[in-house]
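Asker: Sending over target_22.txt (compact mmCIF, C-alpha atoms).
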# COMPACT_ATOMS: atom_id res chain seq x y z
CA MET A 1 -14.64 9.30 -45.06
CA LYS A 2 -10.94 8.41 -44.90
CA PRO A 3 -9.34 7.43 -41.61
CA ALA A 4 -7.50 10.14 -39.72
CA LYS A 5 -4.44 7.86 -39.52
CA ARG A 6 -3.16 5.57 -42.24
CA ARG A 7 -1.86 3.11 -39.68
CA LEU A 8 -3.49 2.71 -36.27
CA PHE A 9 -2.59 -0.82 -35.17
CA THR A 10 0.95 -2.23 -35.15
CA PRO A 11 1.12 -5.95 -36.02
CA GLY A 12 4.49 -7.58 -35.72
CA ASP A 13 7.15 -4.86 -35.62
CA GLY A 14 7.64 -4.34 -31.89
CA ALA A 15 6.13 -0.86 -32.07
CA THR A 16 3.88 0.21 -29.22
CA PRO A 17 0.23 -0.48 -30.09
CA PRO A 18 -2.35 2.28 -29.70
CA LEU A 19 -3.33 0.72 -26.36
CA LEU A 20 -0.90 -1.39 -24.33
CA SER A 21 -3.71 -3.48 -22.90
CA GLY A 22 -3.35 -6.23 -20.34
CA ARG A 23 0.23 -5.42 -19.32
CA GLU A 24 -0.52 -3.39 -16.22
CA GLU A 25 1.36 -5.76 -13.89
CA GLN A 26 4.53 -5.63 -16.00
CA GLN A 27 4.30 -1.86 -16.44
CA ALA A 28 3.77 -1.34 -12.71
CA LEU A 29 6.84 -3.43 -11.85
CA LEU A 30 9.04 -1.59 -14.34
CA SER A 31 7.70 1.77 -13.16
CA ARG A 32 8.65 0.91 -9.56
CA CYS A 33 12.15 0.02 -10.73
CA LEU A 34 12.41 3.34 -12.56
CA ALA A 35 11.29 5.20 -9.45
CA ASP A 36 14.11 3.55 -7.48
CA LEU A 37 16.67 4.56 -10.10
CA LEU A 38 15.39 8.13 -10.05
CA GLU A 39 16.01 8.19 -6.30
CA GLY A 40 19.59 7.04 -6.87
CA GLU A 41 18.88 3.57 -5.50
CA PRO A 42 19.16 0.15 -7.19
CA PRO A 43 15.80 -1.64 -7.49
CA PRO A 44 15.41 -4.62 -5.13
CA HIS A 45 15.80 -7.02 -8.06
CA ASN A 46 16.48 -7.12 -11.76
CA VAL A 47 13.65 -8.07 -14.13
CA VAL A 48 13.17 -11.06 -16.43
CA LEU A 49 10.23 -11.10 -18.88
CA ILE A 50 9.40 -14.55 -20.22
CA GLY A 51 6.87 -15.58 -22.84
CA PRO A 52 6.28 -16.97 -26.33
CA ARG A 53 7.02 -14.70 -29.26
CA GLY A 54 4.38 -12.27 -30.45
CA ASN A 55 3.04 -11.50 -26.98
CA GLY A 56 4.62 -8.07 -26.61
CA LYS A 57 7.91 -8.44 -24.72
CA THR A 58 9.68 -6.13 -27.19
CA VAL A 59 6.78 -3.70 -26.93
CA LEU A 60 7.24 -3.59 -23.15
CA LEU A 61 10.98 -3.01 -23.47
CA ASN A 62 10.40 -0.17 -25.94
CA TRP A 63 7.79 1.36 -23.65
CA PHE A 64 10.20 1.23 -20.68
CA LYS A 65 13.04 2.67 -22.78
CA ARG A 66 10.89 5.69 -23.58
CA GLU A 67 9.93 6.07 -19.91
CA CYS A 68 13.58 6.06 -18.86
CA ARG A 69 14.58 8.58 -21.50
CA ALA A 70 11.60 10.81 -20.74
CA SER A 71 12.76 11.03 -17.13
CA GLY A 72 15.94 12.76 -18.29
CA ALA A 73 17.78 11.34 -15.31
CA VAL A 74 18.40 7.71 -16.28
CA ASP A 75 20.67 6.41 -19.03
CA VAL A 76 19.25 3.49 -20.97
CA ALA A 77 21.00 0.97 -23.20
CA ALA A 78 18.80 -1.28 -25.36
CA TRP A 79 20.45 -4.23 -27.12
CA THR A 80 19.99 -7.66 -28.57
CA PRO A 81 22.70 -10.35 -28.19
CA GLN A 82 23.97 -9.45 -31.66
CA ASP A 83 25.18 -6.14 -30.20
CA ILE A 84 27.34 -7.88 -27.57
CA PRO A 85 28.70 -11.08 -29.18
CA ASP A 86 31.83 -11.17 -26.98
CA LEU A 87 33.33 -9.67 -23.81
CA HIS A 88 35.11 -6.91 -25.68
CA SER A 89 31.80 -5.76 -27.17
CA LEU A 90 30.11 -5.96 -23.78
CA VAL A 91 32.70 -3.72 -22.16
CA ALA A 92 32.71 -1.30 -25.09
CA GLU A 93 28.92 -0.95 -24.86
CA LEU A 94 28.60 -0.83 -21.07
CA ALA A 95 31.63 1.31 -20.32
CA PRO A 96 32.60 3.37 -23.37
CA ARG A 97 36.14 4.69 -23.16
CA SER A 98 34.98 8.24 -23.86
CA ALA A 99 32.66 8.15 -20.86
CA LEU A 100 35.25 6.58 -18.57
CA ALA A 101 37.85 9.20 -19.46
CA ARG A 102 35.53 11.70 -17.82
CA LEU A 103 34.35 9.52 -14.94
CA LEU A 104 37.28 7.50 -13.70
CA PRO A 105 39.58 10.29 -12.46
CA ARG A 106 36.74 11.73 -10.42
CA LYS A 107 35.15 8.50 -9.25
CA VAL A 108 38.02 6.09 -8.61
CA GLY A 109 41.11 8.28 -8.78
CA GLY A 110 43.58 9.25 -11.47
CA ALA A 111 45.78 6.19 -10.92
CA ALA A 112 42.89 3.96 -11.97
CA VAL A 113 42.92 5.32 -15.51
CA GLY A 114 46.25 3.72 -16.14
CA SER A 115 45.39 0.49 -14.40
CA LEU A 116 42.10 0.00 -16.27
CA GLU A 117 43.72 -0.48 -19.65
CA TRP A 118 41.29 -0.98 -22.51
CA LYS A 119 42.52 -4.42 -23.37
CA MET A 120 40.55 -7.11 -21.57
CA GLY A 121 42.40 -9.77 -19.63
CA THR A 122 41.57 -12.73 -17.41
CA ASP A 123 40.13 -10.36 -14.79
CA ALA A 124 37.57 -9.01 -17.28
CA PRO A 125 34.54 -9.39 -14.97
CA ALA A 126 36.23 -7.40 -12.18
CA ARG A 127 37.28 -4.68 -14.59
CA LEU A 128 33.77 -4.54 -16.05
CA THR A 129 32.27 -4.21 -12.57
CA GLN A 130 34.60 -1.37 -11.60
CA ARG A 131 33.92 0.51 -14.82
CA LEU A 132 30.18 0.02 -14.49
CA ILE A 133 30.13 1.25 -10.89
CA ALA A 134 31.88 4.41 -12.05
CA ARG A 135 29.35 4.96 -14.80
CA CYS A 136 26.28 4.31 -12.64
CA GLY A 137 27.69 6.45 -9.86
CA ALA A 138 27.49 9.42 -12.21
CA LYS A 139 24.05 8.60 -13.61
CA PRO A 140 21.69 5.62 -13.07
CA LEU A 141 21.69 3.07 -15.88
CA ALA A 142 19.07 0.63 -17.17
CA VAL A 143 20.23 -2.10 -19.57
CA LEU A 144 17.46 -3.72 -21.63
CA LEU A 145 18.33 -6.94 -23.45
CA ASP A 146 15.82 -8.44 -25.87
CA GLU A 147 16.06 -12.00 -27.25
CA ALA A 148 18.15 -12.86 -24.21
CA HIS A 149 17.61 -16.59 -24.77
CA THR A 150 20.26 -16.34 -27.54
CA LEU A 151 22.85 -14.54 -25.38
CA ASP A 152 26.38 -15.96 -25.51
CA ILE A 153 26.98 -17.87 -22.28
CA ALA A 154 30.33 -16.25 -21.44
CA VAL A 155 28.96 -12.78 -22.14
CA GLY A 156 25.84 -13.51 -20.14
CA SER A 157 27.82 -14.79 -17.19
CA ALA A 158 29.91 -11.60 -17.12
CA LEU A 159 26.86 -9.39 -17.46
CA LEU A 160 24.81 -11.16 -14.80
CA ASN A 161 27.63 -11.28 -12.27
CA ALA A 162 28.56 -7.64 -12.89
CA SER A 163 24.91 -6.73 -12.38
CA GLN A 164 24.87 -8.41 -8.98
CA ARG A 165 27.98 -6.60 -7.79
CA VAL A 166 27.16 -3.18 -9.24
CA ARG A 167 23.71 -3.12 -7.69
CA ASP A 168 25.32 -3.34 -4.26
CA GLU A 169 26.97 0.04 -4.82
CA ALA A 170 25.18 2.00 -7.55
CA PRO A 171 21.76 2.47 -9.19
CA PHE A 172 21.67 -0.13 -11.96
CA LEU A 173 18.89 -2.23 -13.49
CA LEU A 174 19.10 -5.16 -15.90
CA VAL A 175 15.95 -6.18 -17.79
CA LEU A 176 16.09 -9.42 -19.79
CA ALA A 177 13.35 -10.57 -22.16
CA GLY A 178 13.17 -13.88 -23.97
CA THR A 179 11.21 -16.98 -24.86
CA PRO A 180 10.19 -19.55 -22.23
CA GLY A 181 13.59 -21.15 -22.78
CA LEU A 182 15.31 -18.17 -21.16
CA PRO A 183 15.46 -19.59 -17.59
CA GLY A 184 17.10 -22.77 -18.89
CA HIS A 185 19.61 -20.71 -20.84
CA LEU A 186 20.45 -18.56 -17.82
CA ALA A 187 20.94 -21.72 -15.77
CA LYS A 188 23.92 -22.57 -18.00
CA MET A 189 25.69 -19.39 -16.94
CA ASP A 190 27.89 -19.06 -13.89
CA ALA A 191 25.39 -16.79 -12.14
CA SER A 192 22.38 -17.46 -9.96
CA PHE A 193 20.62 -14.11 -9.52
CA TRP A 194 17.82 -14.95 -11.94
CA ASN A 195 16.35 -17.74 -9.81
CA ARG A 196 16.16 -15.44 -6.78
CA LEU A 197 14.12 -12.76 -8.52
CA GLY A 198 10.77 -13.50 -6.92
CA ALA A 199 8.49 -10.70 -8.10
CA GLY A 200 11.09 -9.71 -10.71
CA ARG A 201 10.28 -12.65 -13.01
CA LEU A 202 7.06 -12.17 -14.95
CA GLY A 203 5.30 -14.06 -17.73
CA VAL A 204 4.09 -12.27 -20.85
CA GLY A 205 1.45 -14.43 -22.47
CA ARG A 206 -1.83 -14.14 -24.29
CA LEU A 207 -4.32 -11.50 -23.19
CA SER A 208 -7.55 -12.11 -21.32
CA LYS A 209 -10.73 -11.71 -23.34
CA ASP A 210 -11.49 -8.41 -21.63
CA THR A 211 -8.06 -6.93 -22.32
CA ALA A 212 -8.15 -8.20 -25.92
CA ARG A 213 -11.50 -6.46 -26.37
CA ASN A 214 -10.04 -3.26 -24.95
CA ALA A 215 -7.02 -3.50 -27.26
CA LEU A 216 -9.39 -3.36 -30.24
CA GLN A 217 -12.32 -1.31 -29.04
CA GLU A 218 -10.61 1.64 -27.35
CA PRO A 219 -8.27 2.66 -30.20
CA LEU A 220 -11.10 2.43 -32.72
CA GLY A 221 -13.45 4.32 -30.44
CA ALA A 222 -10.89 7.08 -29.96
CA GLN A 223 -11.02 7.58 -33.74
CA GLY A 224 -14.82 7.66 -33.76
CA VAL A 225 -15.21 4.12 -35.08
CA GLY A 226 -17.54 1.63 -33.43
CA LEU A 227 -17.20 -2.17 -33.44
CA ASP A 228 -20.46 -3.84 -32.52
CA ALA A 229 -20.60 -6.46 -29.78
CA ASP A 230 -21.07 -9.48 -32.05
CA ALA A 231 -18.21 -8.44 -34.30
CA LEU A 232 -15.96 -7.77 -31.33
CA ASP A 233 -16.67 -11.16 -29.76
CA GLN A 234 -16.04 -12.87 -33.07
CA VAL A 235 -12.69 -11.19 -33.56
CA VAL A 236 -11.53 -11.84 -29.99
CA ASP A 237 -12.43 -15.54 -30.30
CA GLU A 238 -10.69 -15.93 -33.64
CA SER A 239 -7.59 -14.10 -32.45
CA GLN A 240 -7.43 -16.43 -29.42
CA CYS A 241 -6.28 -13.31 -27.53
CA TYR A 242 -2.80 -13.62 -29.07
CA PRO A 243 -1.54 -10.01 -29.20
CA TYR A 244 -0.02 -10.28 -32.68
CA PHE A 245 -3.29 -11.62 -34.09
CA VAL A 246 -5.28 -8.97 -32.20
CA GLN A 247 -3.18 -6.33 -33.96
CA LEU A 248 -3.64 -8.08 -37.32
CA TRP A 249 -7.42 -7.98 -36.88
CA GLY A 250 -7.35 -4.39 -35.69
CA ASP A 251 -5.27 -3.29 -38.66
CA ALA A 252 -7.51 -5.09 -41.16
CA LEU A 253 -10.67 -3.60 -39.65
CA TRP A 254 -9.11 -0.13 -39.57
CA GLN A 255 -8.24 -0.38 -43.24
CA GLN A 256 -11.76 -1.65 -43.98
CA HIS A 257 -13.18 1.35 -42.14
CA GLY A 258 -11.22 3.62 -44.45
CA ALA A 259 -12.16 1.73 -47.62
CA ALA A 260 -15.86 1.52 -46.78
CA GLY A 261 -16.12 4.98 -45.28
CA THR A 262 -18.10 3.62 -42.34
CA THR A 263 -17.93 4.51 -38.68
CA SER A 264 -19.71 1.33 -37.58
CA LEU A 265 -18.00 -2.02 -38.10
CA THR A 266 -20.13 -5.17 -37.98
CA THR A 267 -19.81 -8.92 -38.51
CA GLU A 268 -20.22 -8.21 -42.22
CA HIS A 269 -16.96 -6.26 -42.17
CA VAL A 270 -15.32 -9.02 -40.14
CA ASP A 271 -16.29 -11.49 -42.90
CA ILE A 272 -14.80 -9.18 -45.54
CA VAL A 273 -11.39 -8.87 -43.87
CA ARG A 274 -11.14 -12.46 -42.61
CA PRO A 275 -9.35 -13.76 -45.76
CA VAL A 276 -6.67 -11.09 -45.34
CA VAL A 277 -6.09 -11.91 -41.68
CA THR A 278 -6.21 -15.66 -42.35
CA ALA A 279 -3.57 -15.36 -45.06
CA GLN A 280 -1.25 -13.35 -42.81
CA ALA A 281 -1.74 -15.79 -39.95
CA ALA A 282 -1.05 -18.73 -42.30
CA GLU A 283 2.30 -17.20 -43.27
CA TYR A 284 3.18 -16.93 -39.60
CA TYR A 285 2.07 -20.52 -38.96
CA GLN A 286 4.21 -21.74 -41.83
CA ASP A 287 7.29 -19.97 -40.49
CA ARG A 288 6.77 -21.62 -37.13
CA TYR A 289 6.11 -24.99 -38.80
CA ARG A 290 9.46 -24.77 -40.62
CA GLU A 291 11.14 -23.83 -37.35
CA LEU A 292 9.75 -26.94 -35.68
CA GLU A 293 10.74 -29.02 -38.70
CA ALA A 294 14.32 -27.73 -38.61
CA ALA A 295 14.51 -28.62 -34.92
CA GLY A 296 13.20 -32.14 -35.55
CA LEU A 297 10.15 -31.45 -33.39
CA LEU A 298 7.22 -31.89 -35.76
CA ALA A 299 6.21 -35.31 -34.42
CA ALA A 300 6.42 -34.08 -30.84
CA ALA A 301 4.50 -30.88 -31.66
CA ALA A 302 1.73 -32.86 -33.34
CA ALA A 303 1.63 -35.35 -30.46
CA VAL A 304 0.79 -32.78 -27.79
CA TRP A 305 -2.07 -31.29 -29.82
CA PRO A 306 -4.73 -33.70 -28.43
CA VAL A 307 -3.91 -32.54 -24.89
CA PHE A 308 -4.89 -28.98 -25.77
CA GLN A 309 -7.25 -29.53 -28.73
CA ALA A 310 -6.41 -25.99 -29.87
CA SER A 311 -8.41 -24.62 -26.95
CA ALA A 312 -7.43 -21.16 -25.73
CA ASP A 313 -8.21 -22.14 -22.13
CA ALA A 314 -6.69 -25.64 -21.99
CA GLU A 315 -3.98 -26.50 -19.47
CA ALA A 316 -1.90 -29.64 -19.12
CA SER A 317 0.19 -31.26 -16.40
CA ASP A 318 3.72 -32.63 -16.75
CA ARG A 319 2.23 -36.12 -16.73
CA GLU A 320 -0.21 -35.33 -19.54
CA ILE A 321 2.53 -33.84 -21.70
CA ASP A 322 4.75 -36.86 -21.02
CA ALA A 323 1.95 -39.29 -21.92
CA ALA A 324 1.29 -37.45 -25.18
CA LEU A 325 4.96 -37.60 -26.15
CA ALA A 326 5.06 -41.31 -25.27
CA THR A 327 2.66 -41.95 -28.18
CA ILE A 328 5.49 -41.28 -30.65
CA GLY A 329 7.67 -43.94 -29.03
CA ALA A 330 10.12 -41.63 -27.30
CA ASP A 331 11.92 -42.88 -24.19
CA ALA A 332 11.88 -40.88 -20.96
CA ALA A 333 15.00 -38.86 -21.77
CA ALA A 334 13.79 -38.06 -25.27
CA ARG A 335 10.36 -37.04 -23.96
CA LEU A 336 11.91 -34.63 -21.47
CA ALA A 337 14.22 -33.19 -24.13
CA ALA A 338 11.33 -32.73 -26.56
CA ARG A 339 9.20 -31.01 -23.93
CA GLU A 340 12.00 -28.60 -23.09
CA GLU A 341 12.67 -27.82 -26.75
CA LEU A 342 8.97 -27.15 -27.36
CA ASN A 343 9.09 -24.88 -24.32
CA HIS A 344 12.22 -23.13 -25.58
CA LEU A 345 10.42 -22.27 -28.82
CA GLY A 346 7.29 -21.15 -26.97
CA TYR A 347 5.12 -23.79 -28.64
CA ILE A 348 4.08 -24.78 -25.13
CA TRP A 349 5.11 -22.97 -21.97
CA CYS A 350 4.79 -22.96 -18.23
CA PRO A 351 4.07 -19.39 -17.05
CA PRO A 352 6.14 -18.30 -14.03
CA GLY A 353 4.58 -17.51 -10.69
CA GLN A 354 2.28 -20.55 -10.49
CA ARG A 355 1.71 -22.43 -7.27
CA PRO A 356 2.08 -26.23 -7.47
CA PRO A 357 0.88 -28.13 -9.31
CA VAL A 358 2.11 -26.05 -12.24
CA THR A 359 0.46 -26.41 -15.63
CA TRP A 360 1.52 -26.01 -19.24
CA ARG A 361 -0.30 -23.87 -21.78
CA ALA A 362 -0.24 -23.53 -25.53
CA GLY A 363 1.77 -20.63 -26.90
CA ILE A 364 -0.76 -20.21 -29.71
CA PRO A 365 -3.53 -22.84 -29.64
CA SER A 366 -4.48 -22.35 -33.30
CA LEU A 367 -0.85 -22.95 -34.32
CA MET A 368 -1.15 -26.42 -32.80
CA ALA A 369 -4.13 -27.19 -35.01
CA HIS A 370 -2.20 -26.01 -38.07
CA VAL A 371 0.86 -28.12 -37.20
CA GLN A 372 -1.20 -31.22 -36.50
CA ARG A 373 -3.17 -30.85 -39.72
CA GLN A 374 -0.14 -30.25 -41.93
CA PHE A 375 1.96 -32.94 -40.26
CA THR A 376 -0.83 -35.46 -40.75
CA LEU A 377 -1.15 -34.57 -44.43
CA ALA A 378 2.62 -34.59 -45.10
Please express what this file holds, its structure, as structure tokens.

Answerer:
Amino acid sequence: MKPAKRRLFTPGDGATPPLLSGREEQQALLSRCLADLLEGEPPPHNVVLIGPRGNGKTVLLNWFKRECRASGAVDVAAWTPQDIPDLHSLVAELAPRSALARLLPRKVGGAAVGSLEWKMGTDAPARLTQRLIARCGAKPLAVLLDEAHTLDIAVGSALLNASQRVRDEAPFLLVLAGTPGLPGHLAKMDASFWNRLGAGRLGVGRLSKDTARNALQEPLGAQGVGLDADALDQVVDESQCYPYFVQLWGDALWQQHGAAGTTSLTTEHVDIVRPVVTAQAAEYYQDRYRELEAAGLLAAAAAVWPVFQASADAEASDREIDAALATIGADAAARLAAREELNHLGYIWCPPGQRPPVTWRAGIPSLMAHVQRQFTLA
């Protein structure tokens, strides 16, 4: 029997998986923000989603984009920093001239059309704010920016400050998503809203074991395919609850279901597809290894491995990370810089919302084992 769908799971492309498992907190927050916009009110805060790559930040943004568009009452703009490389691009995207030609005479008076010339000057942020208020006054707007940790600092400063001012007068929401280095990047901008977000700053990390099980079991079950308990536990453990790997396993098992014509997947089927999943994971590991190598961080990445021992549940304190980095002879300043760079890349990260003492976690524990092994052999 062939599967009803050629592709059920969605590894690696930002597409929404068959079950968006374990993201209820993030979805609930974004849904509350959408409800405020639909009432013509700005949400109480903007939203920043922080987490290592492959954990589903893009998936969440795409889900929210569809929710906004489905409402029919909220405009949504979804970008990456490549779409807004400079202030001119930012203004052109946020306040298109065609839209303002319709809005400005009605919202801020006919004289304003002449005064808001298209060419940006030194008062660009004020002009951007005025244009954005006019746009949001006609229809609520949500701006979703993925990969925000690479945003140009001048562009980011203008966007963040405009967001603060516009939200005082019109229904506007800014959602930023990026790696754990995003807060440090925002701190370089001349804006401070992000560190007053409170409930608006959420981590997006690995799933719990229960939600990882659901992410596999429910989509298969909906297609009439069973995955026995031993096989499910094995896959969840080997995926380390990393969403990208969960989707890799799900896709491989789904394809195996079609090839074998079975409606009951067992540990035998897990053994059959393991080489495929392992090879795909190894390619991903190697890309990340080269990234660390290019950043000059291989020694530091290998040094912190003993703290975590590739355990999915391990946590580490600032002091433990510092002691691990001291083993490679780095001075205090170099240790701090290395820790922050490893955090920026999501190799290790400190999830937001923790009460002191805060702890560090591995982005992908099994990646650490790969880096340590290859670095030792090199």

Asker: Give me, as a list in words, all polymer residues having an atom no more than 6 Å from region 202-215 of chain A, counting all atoms listed in the file and skipping those fewer than 6 positions away in the same chain.

Answerer: Leu19, Ser21, Gly22, Leu49, Ile50, Gly51, Asn55, Cys241, Tyr242, Pro351 and Pro352 of chain A

Asker: How close does each residue of region 224-243 of chain A get to region 360-366 of chain A, giving the shortest atom pair and distance in Å to one decimal for every residue with an atom at most 9 Å away, counting only C-alpha atoms, sorted by chain and residue number, as a Markdown table?

Answerer:
| residue | atom | partner | partner_atom | distance |
| --- | --- | --- | --- | --- |
| A:Glu238 | CA | A:Ser366 | CA | 8.9 |
| A:Ser239 | CA | A:Ser366 | CA | 8.9 |
| A:Gln240 | CA | A:Pro365 | CA | 7.5 |
| A:Tyr242 | CA | A:Ile364 | CA | 6.9 |

Asker: So, with only C-alpha atoms as the atoms that count, which of A:Asp86, A:Glu218, A:Asp13, A:Asp318 lies closest to Pro356 (chain A)?

Answerer: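 Checking each of A:Asp86, A:Glu218, A:Asp13, A:Asp318 against Pro356 (chain A), counting only C-alpha atoms, the winner is A:Asp318.
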
Asker: Which of these residues is nearest to Leu248 (chain A), using all atoms listed in the file: A:Val273, A:Ala260, A:Val358, A:Ala334?

Answerer: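 Of A:Val273, A:Ala260, A:Val358, A:Ala334, the one nearest Leu248 (chain A) is A:Val273, counting all atoms listed in the file.
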
Asker: Would you pick out the contacts of Leu176 (chain A) at 7 Å or less, using all atoms listed in the file, so that residues sharing its chain but fewer than 6 positions from it are not included, and give the list as a PDB file with C-alpha atoms, in the frame of the given file?

Answerer:
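Saved to around.pdb:
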ATOM      1  CA  VAL A  47      13.650  -8.070 -14.130  1.00  0.00           C
ATOM      2  CA  VAL A  48      13.170 -11.060 -16.430  1.00  0.00           C
ATOM      3  CA  LEU A  49      10.230 -11.100 -18.880  1.00  0.00           C
ATOM      4  CA  LEU A 144      17.460  -3.720 -21.630  1.00  0.00           C
ATOM      5  CA  LEU A 145      18.330  -6.940 -23.450  1.00  0.00           C
ATOM      6  CA  ASP A 146      15.820  -8.440 -25.870  1.00  0.00           C
ATOM      7  CA  ALA A 148      18.150 -12.860 -24.210  1.00  0.00           C
TER       8      ALA A 148
END

Asker: Quick one, how far is CA of Thr267 (chain A) from CA of Asp233 (chain A)?

Answerer: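 According to the coordinates, CA of Thr267 (chain A) and CA of Asp233 (chain A) are separated by 9.6 Å.
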
Asker: Hey, what's within 9 Å of Thr376 (chain A) if we count all atoms listed in the file and toss same-chain stuff fewer than 4 positions away? As an MDAnalysis selection string, please?

Answerer: chainID A and resid 302 371:372

Asker: Determine, counting all atoms listed in the file, which protein, DNA and RNA residues have an atom within 12 Å of an atom of Val277 (chain A); residues of the same chain fewer than 2 positions away are not included. Present the result as a list in words.

Answerer: Pro11, Val235, Glu238, Ser239, Tyr244, Phe245, Val246, Gln247, Leu248, Trp249, Gly250, Asp251, Ala252, Leu253, Gln255, Gln256, Val270, Asp271, Ile272, Val273, Arg274, Pro275, Ala279, Gln280, Ala281, Ala282, Glu283 and Tyr284 of chain A

Asker: Based on the selection just made, write C-alpha atoms of those residues as a compact mmCIF listing (two decimals), in the coordinates of the input.

Answerer:
# COMPACT_ATOMS: atom_id res chain seq x y z
CA PRO A 11 1.12 -5.95 -36.02
CA VAL A 235 -12.69 -11.19 -33.56
CA GLU A 238 -10.69 -15.93 -33.64
CA SER A 239 -7.59 -14.10 -32.45
CA TYR A 244 -0.02 -10.28 -32.68
CA PHE A 245 -3.29 -11.62 -34.09
CA VAL A 246 -5.28 -8.97 -32.20
CA GLN A 247 -3.18 -6.33 -33.96
CA LEU A 248 -3.64 -8.08 -37.32
CA TRP A 249 -7.42 -7.98 -36.88
CA GLY A 250 -7.35 -4.39 -35.69
CA ASP A 251 -5.27 -3.29 -38.66
CA ALA A 252 -7.51 -5.09 -41.16
CA LEU A 253 -10.67 -3.60 -39.65
CA GLN A 255 -8.24 -0.38 -43.24
CA GLN A 256 -11.76 -1.65 -43.98
CA VAL A 270 -15.32 -9.02 -40.14
CA ASP A 271 -16.29 -11.49 -42.90
CA ILE A 272 -14.80 -9.18 -45.54
CA VAL A 273 -11.39 -8.87 -43.87
CA ARG A 274 -11.14 -12.46 -42.61
CA PRO A 275 -9.35 -13.76 -45.76
CA ALA A 279 -3.57 -15.36 -45.06
CA GLN A 280 -1.25 -13.35 -42.81
CA ALA A 281 -1.74 -15.79 -39.95
CA ALA A 282 -1.05 -18.73 -42.30
CA GLU A 283 2.30 -17.20 -43.27
CA TYR A 284 3.18 -16.93 -39.60

Asker: Go ahead and compute the interatomic distance for CA of Pro243 (chain A) and CA of Gly12 (chain A), in Å to one decimal.

Answerer: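 Going from CA of Pro243 (chain A) over to CA of Gly12 (chain A) covers 9.2 Å.
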
Asker: Which residue is closest to Val76 (chain A)? Choose from A:Glu41, A:Glu93, A:Glu293, A:Asp36 and count all atoms listed in the file.

Answerer: A:Glu93

Asker: Hey, what's within 9 Å of Gly346 (chain A) if we count all atoms listed in the file and toss same-chain stuff fewer than 2 positions away? As a VMD selection string, please?

Answerer: chain A and resid 51 to 53 179 to 181 341 to 344 348 to 349 362 to 364

Asker: For each of A:Leu367, A:Val175, A:Ala229, A:Ala259, take the minimum atom-to-atom distance to Asp287 (chain A), counting all atoms listed in the file, then give the residue where this is smallest.

Answerer: A:Leu367

Asker: Report the distance between CA of Arg288 (chain A) and CA of Gln82 (chain A) in Å, rounded to one decimal place.

Answerer: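 Between CA of Arg288 (chain A) and CA of Gln82 (chain A) the gap is 21.8 Å.
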
Asker: Using all atoms listed in the file, which residue out of A:Ala92, A:Lys57, A:His185, A:Ala337 lies closest to Gly296 (chain A)?

Answerer: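 Comparing A:Ala92, A:Lys57, A:His185, A:Ala337 against Gly296 (chain A), the winner is A:Ala337.
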
Asker: Around all of region 14-20 of chain A's listed atoms, make the axis-aligned box with 6 Å on each side and tell me centre and edge lengths in Å to one decimal, as AutoDock Vina command-line options.

Answerer:
--center_x 2.2 --center_y -1.0 --center_z -28.2 --size_x 23.0 --size_y 18.6 --size_z 19.7

Asker: Anything within 12 Å of (29.3, 0.4, -14.9): list those residues as a short mmCIF file (atom, residue, chain, number, x, y, z; two decimals) with C-alpha atoms, keeping the file's coordinate frame, counting all atoms listed in the file and sticking to the file's coordinates.

Answerer:
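Written file, selection-v8.cif:
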data_model
loop_
_atom_site.label_atom_id
_atom_site.label_comp_id
_atom_site.auth_asym_id
_atom_site.auth_seq_id
_atom_site.Cartn_x
_atom_site.Cartn_y
_atom_site.Cartn_z
CA ASP A 75 20.67 6.41 -19.03
CA ALA A 77 21.00 0.97 -23.20
CA LEU A 90 30.11 -5.96 -23.78
CA VAL A 91 32.70 -3.72 -22.16
CA ALA A 92 32.71 -1.30 -25.09
CA GLU A 93 28.92 -0.95 -24.86
CA LEU A 94 28.60 -0.83 -21.07
CA ALA A 95 31.63 1.31 -20.32
CA PRO A 96 32.60 3.37 -23.37
CA ARG A 97 36.14 4.69 -23.16
CA ALA A 99 32.66 8.15 -20.86
CA LEU A 100 35.25 6.58 -18.57
CA LEU A 103 34.35 9.52 -14.94
CA LEU A 104 37.28 7.50 -13.70
CA LYS A 107 35.15 8.50 -9.25
CA PRO A 125 34.54 -9.39 -14.97
CA ALA A 126 36.23 -7.40 -12.18
CA ARG A 127 37.28 -4.68 -14.59
CA LEU A 128 33.77 -4.54 -16.05
CA THR A 129 32.27 -4.21 -12.57
CA GLN A 130 34.60 -1.37 -11.60
CA ARG A 131 33.92 0.51 -14.82
CA LEU A 132 30.18 0.02 -14.49
CA ILE A 133 30.13 1.25 -10.89
CA ALA A 134 31.88 4.41 -12.05
CA ARG A 135 29.35 4.96 -14.80
CA CYS A 136 26.28 4.31 -12.64
CA GLY A 137 27.69 6.45 -9.86
CA ALA A 138 27.49 9.42 -12.21
CA LYS A 139 24.05 8.60 -13.61
CA PRO A 140 21.69 5.62 -13.07
CA LEU A 141 21.69 3.07 -15.88
CA ALA A 142 19.07 0.63 -17.17
CA VAL A 143 20.23 -2.10 -19.57
CA LEU A 159 26.86 -9.39 -17.46
CA ALA A 162 28.56 -7.64 -12.89
CA SER A 163 24.91 -6.73 -12.38
CA GLN A 164 24.87 -8.41 -8.98
CA ARG A 165 27.98 -6.60 -7.79
CA VAL A 166 27.16 -3.18 -9.24
CA ARG A 167 23.71 -3.12 -7.69
CA ASP A 168 25.32 -3.34 -4.26
CA GLU A 169 26.97 0.04 -4.82
CA ALA A 170 25.18 2.00 -7.55
CA PRO A 171 21.76 2.47 -9.19
CA PHE A 172 21.67 -0.13 -11.96
CA LEU A 173 18.89 -2.23 -13.49
CA LEU A 174 19.10 -5.16 -15.90
#
